[in-house]
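Peer 1: Can you read through this structure? Questions will come right after.
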2 protein chains.
Amino acid sequence: MSSQNQPNLRIPGPVPLPDDVLELAGSQMINHRGPEYADMLDRMTKNLKTVFMTKNDAYFITSSGTGAMETAIVNTISPGDKVLSIIIGVFGERFAEIAEAYGGDVTTLNFDLGQAADLDKVRETLKGMNDVKAVIFTHNESSTGVSNPLEELCQVIHEESDALILVDAVSSAGGVPIAVDAWGIDVVATASQKSWISPPGISMVTFSDKAWKAHATSTSPKYYLDVQQYEDYLKIGQPPFTPCLPAMFTLEVALQSMVDEGIENVFARHHEIAQHTRDGAKALGLDLLPDPQYASNTVTAIRLPEGLDGKAFLSEVNKNYNVVLGGGQKSLVGKIFRVGHMGWVETDHIDEALKAAEETLKAMTS
Amino acid sequence: MSSQNQPNLRIPGPVPLPDDVLELAGSQMINHRGPEYADMLDRMTKNLKTVFMTKNDAYFITSSGTGAMETAIVNTISPGDKVLSIIIGVFGERFAEIAEAYGGDVTTLNFDLGQAADLDKVRETLKGMNDVKAVIFTHNESSTGVSNPLEELCQVIHEESDALILVDAVSSAGGVPIAVDAWGIDVVATASQKSWISPPGISMVTFSDKAWKAHATSTSPKYYLDVQQYEDYLKIGQPPFTPCLPAMFTLEVALQSMVDEGIENVFARHHEIAQHTRDGAKALGLDLLPDPQYASNTVTAIRLPEGLDGKAFLSEVNKNYNVVLGGGQKSLVGKIFRVGHMGWVETDHIDEALKAAEETLKAMTS
């Protein structure tokens, strides 16, 4: 990538895109109310459901991932509803903030940065609560490089409550398995610029029958993010509102490719490149932030040596090696750097990024 | 366009894009939290304010135009607030629906399809109301090809009330003059796929001091569309949420081009091509839907002969001439067709579209 003078963009989204995908993003506009769009939407919806292993409804929304998280909340929660928010980093905090903005009675359960949610504590907390309307959490916390154990979490929640399960899977979906039906997930939210090899612009949600029942009684105000609009228009092969066509064009091809490759192979690829990244970081003598058991397969968070100027490190890596790494967020600013490895990524991309980190650290600490 | 086997897309948005713009839309991703994005955002914000002739704040949001309309409402209106909604077509209806969804106490003032708002009736209605929090309306009703007299409407509203003026300018802004400061408009909402020679994906809003005062007391729930988020992040040169980069890349260039060309010249071009379209339709013996005094400079609505199968007409035009015309919406289905002429459009595009309509009508009525 850098050989073409393009930076090696290794932030956890937007992901870099190969030339053929960029060409697709630059396709001519079409009539979003015509037959060509209807065909495309039909194929995309089917393939998205295949990736999510679900018979639930699935929709494409023109927004970032946060818009999809808000879609999960406003369509199911009413003011005063009890919500349990499991938080392992900044995106979990954001999800709680959205639920609070819409009047949810939010209980937060926080875990240390670098840790996944502890199943026993989740169980204990749910045992102490009544009438929990929804449990909300981030599947893959890209701020810490930790993936929550999704299947096990869902199991505990189902055992201890009748709560809806609303999952921010923005940075995990498409790269790691999410068996929506088997695990009983009511809403999954994700976004095009992550594992989906597409530019930002489109978010995607799945919506279970149980979530639709909650929609029927939810009094949260909504219009643009009302899933009813998306459902009504899907029936006539249209979007309710003009969609971000560049991301739709690339998603169409990405979804078909994932289904053709076999989603288990897509997930295996993500696991391999993640393991390659983790091994490479450790070989440089660097520590990973996450509990190894829950290290993410889409982004790796690596501790910087204590006392090092983290901002200068990122800037030097960028300036001298044309590699763009992710920094830490909030309390982790300056303490970690993050390497994205979702979507289109080859071992060379990772090796180049780690080499740049290694040499910069050597120069800064010598 | 059709010579390259691409259809002549003459719907009122998304607009067709020239090759150099498509190439921009297909540019490689960048770090939206890096210096390159900060520079771009700074230039774009300045240029957007120039086009809107305003010192007010201006923001870029990843959504369709409807998301921008909702942004106008949720940031200024609280449940129970009195709202006067002036309606001349389906987008005016949508604006009222959004205000109602958020608990606004909405009074609607409807005008016949093809007509603009009558200033005397607006004055009379406002005289009969107290404490109107906001007057909301669509500037350019793309469903009927009518532009409301924006300057005069604002004047009447200011004379008769202290209401906020929230304008859906989705299909007018960038093609016709909107002097935000001189006319005292509090929120303007528009979207990238209209006159801005860009794909859909980004909406834009301006926000006055008076609108900010309303924001401070508004109790409508909001998160993704909360302008406070956009303002806070603008100060550090970032978007609050991952932005639709393809549309940002093209908008950056489009906004600079508009400023370089001189916005009065951009508006003059739109007037000329609109006049060319209207003259052409009349030369074919066809009637325009809109009151000629308020005919839109971005889209022309043309009546179909009575009894003609409007759906078959659009389909024949598309199939035989590779021209995509807009149909009628709701009660106008089958009764009109619409020709978009915003953004990048040359007389050849219009002549080809009208020729296709002429020959199809001839074949269908012979």
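We name chains A, B, ... following the order of the structure tokens; residues begin at 1 in each chain, and ligands are numbered from 1 as shown.
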Might you pull out every residue within 7 Å of A:Pro200, with only C-alpha atoms counted and same-chain residues fewer than 2 positions away left off, and present them as a ChimeraX atom specification?
Peer 2: /A:14,64,192-193,198,202,247 /B:242-245
Peer 1: For a quick test of understanding: name the residues of chain A lying within 9 Å of chain B when counting only C-alpha atoms, and present them as a ChimeraX atom specification.
Peer 2: /A:6-7,9,11,13-19,21-32,61-67,70,97-98,101-103,193,199-202,220-225,241-247,324,326
Peer 1: Quick one: residues within 7 Å of B:Thr108, only C-alpha atoms, excluding same-chain residues fewer than 3 positions away - as an MDAnalysis selection string?
Peer 2: chainID B and resid 84:87
Peer 1: Which of stretch 269-316 of chain A end up as strand (DSSP E or B) when DSSP is run on this backbone - answer as a VMD selection string?
Peer 2: chain A and resid 288 295 299 to 303
Peer 1: Could you give me the residues within stretch 128-361 of chain B that DSSP places in helix (DSSP H, G or I), as a short mmCIF file (atom, residue, chain, number, x, y, z; two decimals) with N, CA, C and O atoms, in the first residue's frame?
Peer 2:
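Final file, selection_33.cif:
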```cif
data_model
loop_
_atom_site.label_atom_id
_atom_site.label_comp_id
_atom_site.auth_asym_id
_atom_site.auth_seq_id
_atom_site.Cartn_x
_atom_site.Cartn_y
_atom_site.Cartn_z
N LEU B 150 -38.90 32.29 -0.41
CA LEU B 150 -38.27 32.14 0.91
C LEU B 150 -38.07 33.47 1.62
O LEU B 150 -38.40 33.61 2.80
N GLU B 151 -37.53 34.45 0.89
CA GLU B 151 -37.24 35.73 1.54
C GLU B 151 -38.53 36.36 2.08
O GLU B 151 -38.59 36.81 3.23
N GLU B 152 -39.55 36.37 1.25
CA GLU B 152 -40.82 37.00 1.63
C GLU B 152 -41.49 36.22 2.78
O GLU B 152 -42.07 36.82 3.68
N LEU B 153 -41.42 34.90 2.72
CA LEU B 153 -41.99 34.08 3.80
C LEU B 153 -41.32 34.40 5.14
O LEU B 153 -41.98 34.57 6.16
N CYS B 154 -39.99 34.47 5.09
CA CYS B 154 -39.25 34.77 6.33
C CYS B 154 -39.65 36.14 6.86
O CYS B 154 -39.83 36.31 8.07
N GLN B 155 -39.84 37.08 5.95
CA GLN B 155 -40.20 38.44 6.36
C GLN B 155 -41.56 38.43 7.09
O GLN B 155 -41.71 39.02 8.16
N VAL B 156 -42.52 37.76 6.51
CA VAL B 156 -43.85 37.68 7.12
C VAL B 156 -43.77 37.01 8.50
O VAL B 156 -44.36 37.48 9.48
N ILE B 157 -43.01 35.93 8.57
CA ILE B 157 -42.90 35.20 9.84
C ILE B 157 -42.27 36.08 10.92
O ILE B 157 -42.73 36.13 12.05
N HIS B 158 -41.22 36.80 10.53
CA HIS B 158 -40.56 37.70 11.49
C HIS B 158 -41.49 38.83 11.92
O HIS B 158 -41.48 39.23 13.09
N GLU B 159 -42.29 39.33 10.99
CA GLU B 159 -43.21 40.43 11.33
C GLU B 159 -44.31 40.00 12.28
O GLU B 159 -44.78 40.78 13.10
N GLU B 160 -44.72 38.73 12.16
CA GLU B 160 -45.90 38.30 12.91
C GLU B 160 -45.58 37.41 14.12
O GLU B 160 -46.50 36.97 14.81
N VAL B 180 -29.04 33.15 4.56
CA VAL B 180 -29.41 32.75 5.93
C VAL B 180 -29.42 33.93 6.89
O VAL B 180 -30.40 34.13 7.62
N ASP B 181 -28.37 34.73 6.88
CA ASP B 181 -28.30 35.84 7.85
C ASP B 181 -29.26 36.97 7.47
O ASP B 181 -30.00 37.48 8.31
N ALA B 182 -29.24 37.37 6.21
CA ALA B 182 -30.07 38.50 5.79
C ALA B 182 -31.55 38.20 5.97
O ALA B 182 -32.34 39.10 6.30
N TRP B 183 -31.94 36.97 5.76
CA TRP B 183 -33.35 36.61 5.85
C TRP B 183 -33.73 36.07 7.23
O TRP B 183 -34.90 35.79 7.50
N ASP B 209 -27.75 31.54 16.42
CA ASP B 209 -27.69 31.76 17.87
C ASP B 209 -29.04 31.49 18.53
O ASP B 209 -29.13 30.93 19.61
N LYS B 210 -30.09 31.94 17.84
CA LYS B 210 -31.44 31.74 18.38
C LYS B 210 -31.78 30.25 18.44
O LYS B 210 -32.41 29.78 19.39
N ALA B 211 -31.32 29.50 17.44
CA ALA B 211 -31.54 28.05 17.46
C ALA B 211 -30.76 27.41 18.61
O ALA B 211 -31.25 26.50 19.28
N TRP B 212 -29.55 27.91 18.86
CA TRP B 212 -28.76 27.41 20.00
C TRP B 212 -29.45 27.70 21.32
O TRP B 212 -29.39 26.89 22.25
N LYS B 213 -30.10 28.87 21.41
CA LYS B 213 -30.83 29.19 22.65
C LYS B 213 -31.97 28.18 22.84
O LYS B 213 -32.24 27.74 23.95
N ALA B 214 -32.63 27.84 21.75
CA ALA B 214 -33.70 26.83 21.83
C ALA B 214 -33.12 25.48 22.21
O ALA B 214 -33.71 24.71 22.98
N HIS B 215 -31.93 25.17 21.71
CA HIS B 215 -31.26 23.91 22.04
C HIS B 215 -31.03 23.80 23.54
O HIS B 215 -31.22 22.72 24.14
N ALA B 216 -30.67 24.92 24.15
CA ALA B 216 -30.35 24.90 25.59
C ALA B 216 -31.54 24.49 26.44
O ALA B 216 -31.37 23.93 27.52
N THR B 217 -32.76 24.73 25.95
CA THR B 217 -33.94 24.39 26.75
C THR B 217 -34.74 23.22 26.16
O THR B 217 -35.68 22.74 26.78
N VAL B 227 -26.72 18.51 17.81
CA VAL B 227 -25.72 19.41 17.23
C VAL B 227 -24.60 19.75 18.22
O VAL B 227 -23.51 20.13 17.81
N GLN B 228 -24.88 19.59 19.51
CA GLN B 228 -23.81 19.83 20.50
C GLN B 228 -22.61 18.92 20.24
O GLN B 228 -21.46 19.34 20.37
N GLN B 229 -22.87 17.70 19.87
CA GLN B 229 -21.80 16.75 19.56
C GLN B 229 -20.95 17.26 18.39
O GLN B 229 -19.73 17.20 18.40
N TYR B 230 -21.66 17.76 17.36
CA TYR B 230 -20.95 18.23 16.16
C TYR B 230 -20.14 19.47 16.47
O TYR B 230 -19.01 19.64 16.00
N GLU B 231 -20.71 20.36 17.31
CA GLU B 231 -20.01 21.59 17.70
C GLU B 231 -18.77 21.26 18.55
O GLU B 231 -17.69 21.80 18.31
N ASP B 232 -18.94 20.38 19.53
CA ASP B 232 -17.82 20.04 20.41
C ASP B 232 -16.65 19.45 19.62
O ASP B 232 -15.49 19.78 19.86
N TYR B 233 -16.97 18.57 18.69
CA TYR B 233 -15.90 17.93 17.92
C TYR B 233 -15.32 18.85 16.85
O TYR B 233 -14.14 18.74 16.49
N LEU B 234 -16.15 19.75 16.32
CA LEU B 234 -15.64 20.69 15.31
C LEU B 234 -14.48 21.49 15.88
O LEU B 234 -13.50 21.78 15.18
N LEU B 245 -17.10 9.21 4.17
CA LEU B 245 -15.95 9.85 3.50
C LEU B 245 -16.15 10.07 2.01
O LEU B 245 -15.76 11.14 1.50
N PRO B 246 -16.74 9.14 1.25
CA PRO B 246 -16.88 9.41 -0.19
C PRO B 246 -17.61 10.74 -0.46
O PRO B 246 -17.18 11.52 -1.32
N ALA B 247 -18.68 11.00 0.28
CA ALA B 247 -19.42 12.25 0.06
C ALA B 247 -18.66 13.45 0.62
O ALA B 247 -18.76 14.56 0.08
N MET B 248 -17.88 13.25 1.67
CA MET B 248 -17.07 14.36 2.18
C MET B 248 -15.99 14.74 1.15
O MET B 248 -15.75 15.93 0.90
N PHE B 249 -15.37 13.75 0.54
CA PHE B 249 -14.33 14.02 -0.46
C PHE B 249 -14.90 14.83 -1.64
O PHE B 249 -14.27 15.75 -2.15
N THR B 250 -16.08 14.45 -2.10
CA THR B 250 -16.65 15.15 -3.26
C THR B 250 -17.20 16.52 -2.86
O THR B 250 -17.07 17.48 -3.61
N LEU B 251 -17.79 16.59 -1.67
CA LEU B 251 -18.32 17.88 -1.20
C LEU B 251 -17.20 18.90 -1.02
O LEU B 251 -17.39 20.09 -1.27
N GLU B 252 -16.05 18.42 -0.57
CA GLU B 252 -14.94 19.35 -0.38
C GLU B 252 -14.65 20.09 -1.69
O GLU B 252 -14.53 21.31 -1.72
N VAL B 253 -14.57 19.31 -2.76
CA VAL B 253 -14.25 19.89 -4.07
C VAL B 253 -15.42 20.71 -4.60
O VAL B 253 -15.25 21.80 -5.15
N ALA B 254 -16.65 20.19 -4.42
CA ALA B 254 -17.83 20.90 -4.92
C ALA B 254 -17.97 22.27 -4.25
O ALA B 254 -18.24 23.28 -4.90
N LEU B 255 -17.80 22.29 -2.94
CA LEU B 255 -17.94 23.55 -2.20
C LEU B 255 -16.88 24.56 -2.65
O LEU B 255 -17.17 25.74 -2.85
N GLN B 256 -15.65 24.07 -2.81
CA GLN B 256 -14.58 24.98 -3.27
C GLN B 256 -14.89 25.50 -4.67
O GLN B 256 -14.69 26.69 -4.96
N SER B 257 -15.39 24.63 -5.54
CA SER B 257 -15.72 25.04 -6.91
C SER B 257 -16.81 26.11 -6.91
O SER B 257 -16.76 27.06 -7.69
N MET B 258 -17.80 25.92 -6.06
CA MET B 258 -18.91 26.88 -6.00
C MET B 258 -18.42 28.25 -5.55
O MET B 258 -18.82 29.28 -6.09
N VAL B 259 -17.56 28.22 -4.55
CA VAL B 259 -17.02 29.49 -4.05
C VAL B 259 -16.12 30.13 -5.11
O VAL B 259 -16.18 31.34 -5.35
N ASP B 260 -15.32 29.32 -5.78
CA ASP B 260 -14.43 29.84 -6.83
C ASP B 260 -15.23 30.41 -8.00
O ASP B 260 -14.87 31.45 -8.56
N GLU B 261 -16.28 29.71 -8.39
CA GLU B 261 -17.10 30.16 -9.52
C GLU B 261 -17.86 31.43 -9.15
O GLU B 261 -18.15 32.27 -10.00
N ILE B 263 -20.99 32.19 -6.09
CA ILE B 263 -22.29 31.53 -5.88
C ILE B 263 -23.39 32.15 -6.73
O ILE B 263 -24.30 31.47 -7.17
N GLU B 264 -23.27 33.47 -7.00
CA GLU B 264 -24.31 34.08 -7.84
C GLU B 264 -24.28 33.47 -9.25
O GLU B 264 -25.34 33.33 -9.90
N ASN B 265 -23.09 33.09 -9.71
CA ASN B 265 -23.00 32.44 -11.03
C ASN B 265 -23.58 31.03 -11.00
O ASN B 265 -24.20 30.57 -11.96
N VAL B 266 -23.37 30.34 -9.89
CA VAL B 266 -23.94 28.99 -9.73
C VAL B 266 -25.47 29.09 -9.79
O VAL B 266 -26.14 28.31 -10.50
N PHE B 267 -26.02 30.06 -9.07
CA PHE B 267 -27.47 30.21 -9.04
C PHE B 267 -28.00 30.63 -10.42
O PHE B 267 -29.06 30.16 -10.86
N ALA B 268 -27.25 31.50 -11.12
CA ALA B 268 -27.66 31.94 -12.47
C ALA B 268 -27.70 30.74 -13.42
O ALA B 268 -28.62 30.60 -14.24
N ARG B 269 -26.71 29.86 -13.32
CA ARG B 269 -26.69 28.64 -14.15
C ARG B 269 -27.93 27.78 -13.89
O ARG B 269 -28.53 27.26 -14.83
N HIS B 270 -28.27 27.64 -12.63
CA HIS B 270 -29.46 26.84 -12.30
C HIS B 270 -30.73 27.49 -12.87
O HIS B 270 -31.62 26.80 -13.37
N HIS B 271 -30.80 28.80 -12.79
CA HIS B 271 -31.97 29.49 -13.35
C HIS B 271 -32.06 29.27 -14.86
O HIS B 271 -33.13 29.00 -15.41
N GLU B 272 -30.92 29.38 -15.53
CA GLU B 272 -30.91 29.24 -17.00
C GLU B 272 -31.34 27.85 -17.46
O GLU B 272 -32.15 27.71 -18.37
N ILE B 273 -30.78 26.82 -16.81
CA ILE B 273 -31.11 25.46 -17.25
C ILE B 273 -32.57 25.13 -16.90
O ILE B 273 -33.25 24.40 -17.65
N ALA B 274 -33.07 25.71 -15.82
CA ALA B 274 -34.48 25.51 -15.45
C ALA B 274 -35.38 26.16 -16.50
O ALA B 274 -36.38 25.57 -16.94
N GLN B 275 -35.01 27.38 -16.90
CA GLN B 275 -35.81 28.09 -17.90
C GLN B 275 -35.79 27.32 -19.22
O GLN B 275 -36.82 27.18 -19.90
N HIS B 276 -34.62 26.80 -19.54
CA HIS B 276 -34.48 25.98 -20.76
C HIS B 276 -35.41 24.76 -20.70
O HIS B 276 -36.05 24.40 -21.69
N THR B 277 -35.49 24.15 -19.52
CA THR B 277 -36.35 22.97 -19.35
C THR B 277 -37.82 23.35 -19.48
O THR B 277 -38.60 22.67 -20.18
N ARG B 278 -38.21 24.41 -18.83
CA ARG B 278 -39.61 24.86 -18.88
C ARG B 278 -40.01 25.23 -20.30
O ARG B 278 -41.07 24.83 -20.80
N ASP B 279 -39.12 25.98 -20.97
CA ASP B 279 -39.40 26.38 -22.37
C ASP B 279 -39.54 25.15 -23.26
O ASP B 279 -40.42 25.07 -24.12
N GLY B 280 -38.64 24.18 -23.02
CA GLY B 280 -38.66 22.96 -23.82
C GLY B 280 -39.95 22.18 -23.64
O GLY B 280 -40.53 21.66 -24.60
N ALA B 281 -40.40 22.07 -22.39
CA ALA B 281 -41.64 21.34 -22.11
C ALA B 281 -42.82 22.03 -22.77
O ALA B 281 -43.68 21.39 -23.38
N LYS B 282 -42.84 23.35 -22.64
CA LYS B 282 -43.95 24.10 -23.23
C LYS B 282 -43.95 23.98 -24.75
O LYS B 282 -45.01 23.88 -25.38
N ALA B 283 -42.74 23.95 -25.33
CA ALA B 283 -42.64 23.81 -26.79
C ALA B 283 -43.20 22.48 -27.27
O ALA B 283 -43.61 22.34 -28.42
N PRO B 292 -46.45 29.27 -12.54
CA PRO B 292 -45.21 29.70 -13.22
C PRO B 292 -44.35 30.64 -12.37
O PRO B 292 -43.12 30.60 -12.43
N GLN B 293 -45.00 31.45 -11.56
CA GLN B 293 -44.29 32.41 -10.73
C GLN B 293 -43.35 31.73 -9.72
O GLN B 293 -42.36 32.32 -9.30
N TYR B 294 -43.69 30.49 -9.35
CA TYR B 294 -42.92 29.81 -8.31
C TYR B 294 -42.29 28.51 -8.81
O TYR B 294 -41.94 27.64 -8.01
N GLY B 310 -49.09 6.64 -16.75
CA GLY B 310 -47.87 7.31 -16.33
C GLY B 310 -46.73 6.36 -16.02
O GLY B 310 -45.56 6.65 -16.29
N LYS B 311 -47.07 5.20 -15.45
CA LYS B 311 -46.04 4.24 -15.09
C LYS B 311 -45.41 3.65 -16.37
O LYS B 311 -44.19 3.52 -16.47
N ALA B 312 -46.26 3.33 -17.33
CA ALA B 312 -45.77 2.79 -18.60
C ALA B 312 -44.92 3.84 -19.32
O ALA B 312 -43.88 3.52 -19.92
N PHE B 313 -45.32 5.10 -19.22
CA PHE B 313 -44.57 6.18 -19.84
C PHE B 313 -43.12 6.22 -19.32
O PHE B 313 -42.16 6.22 -20.09
N LEU B 314 -42.97 6.21 -17.99
CA LEU B 314 -41.63 6.25 -17.39
C LEU B 314 -40.81 5.04 -17.81
O LEU B 314 -39.61 5.15 -18.11
N SER B 315 -41.47 3.90 -17.82
CA SER B 315 -40.80 2.66 -18.16
C SER B 315 -40.34 2.65 -19.63
O SER B 315 -39.23 2.21 -19.95
N GLU B 316 -41.19 3.15 -20.54
CA GLU B 316 -40.83 3.22 -21.97
C GLU B 316 -39.67 4.19 -22.20
O GLU B 316 -38.76 3.92 -22.99
N VAL B 317 -39.74 5.33 -21.53
CA VAL B 317 -38.67 6.34 -21.66
C VAL B 317 -37.34 5.73 -21.24
O VAL B 317 -36.31 5.90 -21.90
N ASN B 318 -37.39 4.98 -20.15
CA ASN B 318 -36.18 4.36 -19.63
C ASN B 318 -35.66 3.29 -20.59
O ASN B 318 -34.49 3.26 -20.97
N LYS B 319 -36.58 2.43 -21.02
CA LYS B 319 -36.21 1.27 -21.84
C LYS B 319 -35.71 1.69 -23.22
O LYS B 319 -34.70 1.20 -23.71
N ASN B 320 -36.42 2.62 -23.82
CA ASN B 320 -36.11 2.96 -25.22
C ASN B 320 -35.08 4.07 -25.37
O ASN B 320 -34.43 4.18 -26.41
N TYR B 321 -34.93 4.91 -24.36
CA TYR B 321 -34.06 6.08 -24.51
C TYR B 321 -32.98 6.18 -23.44
O TYR B 321 -32.18 7.11 -23.46
N LYS B 330 -47.34 10.07 -4.34
CA LYS B 330 -48.65 10.05 -3.66
C LYS B 330 -49.79 10.37 -4.64
O LYS B 330 -49.94 9.68 -5.64
N SER B 331 -50.53 11.46 -4.41
CA SER B 331 -51.70 11.72 -5.25
C SER B 331 -51.32 12.12 -6.67
O SER B 331 -52.17 12.20 -7.56
N LEU B 332 -50.04 12.39 -6.90
CA LEU B 332 -49.60 12.78 -8.25
C LEU B 332 -49.04 11.61 -9.05
O LEU B 332 -48.59 11.79 -10.18
N THR B 347 -27.34 21.49 -21.21
CA THR B 347 -28.57 21.57 -22.02
C THR B 347 -28.80 20.27 -22.80
O THR B 347 -29.95 19.86 -22.97
N ASP B 348 -27.72 19.62 -23.23
CA ASP B 348 -27.87 18.34 -23.93
C ASP B 348 -28.62 17.30 -23.09
O ASP B 348 -29.42 16.52 -23.62
N HIS B 349 -28.30 17.27 -21.80
CA HIS B 349 -28.98 16.31 -20.91
C HIS B 349 -30.49 16.55 -20.91
O HIS B 349 -31.28 15.62 -20.92
N ILE B 350 -30.86 17.82 -20.84
CA ILE B 350 -32.28 18.19 -20.79
C ILE B 350 -32.94 17.92 -22.14
O ILE B 350 -34.03 17.35 -22.21
N ASP B 351 -32.24 18.31 -23.22
CA ASP B 351 -32.83 18.12 -24.55
C ASP B 351 -33.06 16.64 -24.84
O ASP B 351 -34.09 16.25 -25.41
N GLU B 352 -32.11 15.82 -24.42
CA GLU B 352 -32.24 14.39 -24.63
C GLU B 352 -33.44 13.83 -23.84
O GLU B 352 -34.21 13.01 -24.35
N ALA B 353 -33.60 14.33 -22.60
CA ALA B 353 -34.71 13.86 -21.76
C ALA B 353 -36.05 14.28 -22.34
O ALA B 353 -37.01 13.49 -22.39
N LEU B 354 -36.12 15.52 -22.81
CA LEU B 354 -37.39 16.01 -23.36
C LEU B 354 -37.73 15.32 -24.68
O LEU B 354 -38.88 15.02 -24.97
N LYS B 355 -36.69 15.08 -25.48
CA LYS B 355 -36.88 14.36 -26.75
C LYS B 355 -37.45 12.96 -26.47
O LYS B 355 -38.37 12.49 -27.16
N ALA B 356 -36.89 12.30 -25.47
CA ALA B 356 -37.36 10.96 -25.09
C ALA B 356 -38.82 11.02 -24.65
O ALA B 356 -39.63 10.15 -25.01
N ALA B 357 -39.16 12.05 -23.88
CA ALA B 357 -40.55 12.20 -23.42
C ALA B 357 -41.46 12.46 -24.62
O ALA B 357 -42.53 11.85 -24.75
N GLU B 358 -41.03 13.32 -25.50
CA GLU B 358 -41.83 13.68 -26.68
C GLU B 358 -42.14 12.45 -27.53
O GLU B 358 -43.30 12.18 -27.88
N GLU B 359 -41.10 11.71 -27.86
CA GLU B 359 -41.29 10.56 -28.75
C GLU B 359 -42.10 9.45 -28.09
O GLU B 359 -42.89 8.77 -28.74
N THR B 360 -41.91 9.29 -26.79
CA THR B 360 -42.68 8.28 -26.07
C THR B 360 -44.16 8.66 -26.02
O THR B 360 -45.05 7.81 -26.23
N LEU B 361 -44.42 9.94 -25.77
CA LEU B 361 -45.82 10.41 -25.76
C LEU B 361 -46.47 10.21 -27.12
O LEU B 361 -47.61 9.77 -27.24
#
```
Peer 1: My list of candidates is B:Lys82, B:Lys335, B:Lys121, B:Lys362. Which is closest to B:Gly285 when distances are computed with only C-alpha atoms?
Peer 2: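 So, comparing all the options, the nearest one is B:Lys362.
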Peer 1: What is the distance, in Å and to one decimal place, between atom CA of A:Val167 and atom CA of A:Phe337?
Peer 2: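 Spanning atom CA of A:Val167 to atom CA of A:Phe337 is a straight-line distance of 25.2 Å.
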Peer 1: Residues at most 10 Å from B:Ala301, counting only C-alpha atoms, excluding those fewer than 5 positions away in the same chain, as a VMD selection string?
Peer 2: chain B and resid 114 142 to 146 278 281 287 to 290 295 to 296 326 to 328 335 to 340
Peer 1: Could the residues in this selection be saved with C-alpha atoms as a JSON list (two decimals), in the first residue's frame?
Peer 2:
```json
[["chain", "number", "residue", "atom", "x", "y", "z"],
["B", 114, "GLY", "CA", -48.50, 23.15, -7.63],
["B", 142, "SER", "CA", -39.37, 18.60, -5.31],
["B", 143, "SER", "CA", -42.62, 16.59, -5.43],
["B", 144, "THR", "CA", -44.40, 19.46, -7.23],
["B", 145, "GLY", "CA", -41.52, 21.50, -8.68],
["B", 146, "VAL", "CA", -42.51, 24.55, -6.65],
["B", 278, "ARG", "CA", -39.61, 24.86, -18.88],
["B", 281, "ALA", "CA", -41.64, 21.34, -22.11],
["B", 287, "ASP", "CA", -48.32, 22.00, -19.20],
["B", 288, "LEU", "CA", -46.24, 22.59, -16.12],
["B", 289, "LEU", "CA", -47.74, 21.62, -12.76],
["B", 290, "PRO", "CA", -46.40, 24.61, -10.80],
["B", 295, "ALA", "CA", -41.54, 27.19, -10.69],
["B", 296, "SER", "CA", -38.46, 25.55, -9.19],
["B", 326, "GLY", "CA", -38.91, 11.13, -11.88],
["B", 327, "GLY", "CA", -42.54, 10.09, -11.46],
["B", 328, "GLY", "CA", -45.26, 11.70, -9.39],
["B", 335, "LYS", "CA", -50.22, 12.41, -13.38],
["B", 336, "ILE", "CA", -46.87, 14.14, -13.77],
["B", 337, "PHE", "CA", -43.26, 13.44, -14.59],
["B", 338, "ARG", "CA", -40.34, 15.34, -13.17],
["B", 339, "VAL", "CA", -37.02, 16.40, -14.67],
["B", 340, "GLY", "CA", -34.19, 17.15, -12.28]]
```
Peer 1: So the first atom is atom CA of A:Leu308 and the second is atom CA of A:Leu284; what is the distance between them in Å, to one decimal place?
Peer 2: 15.9 Å
Peer 1: Excluding A:Ile178 and any residue of its chain fewer than 2 positions from it, enumerate the residues within 12 Å of it, using only C-alpha atoms, and give them as a VMD selection string.
Peer 2: chain A and resid 48 to 54 139 to 140 147 to 152 154 167 to 176 180 to 190 206 263 to 264 267
Peer 1: Report, in Å with one decimal, the straight-line distance from atom CA of A:Met129 to atom CA of A:Thr107.
Peer 2: 9.5 Å
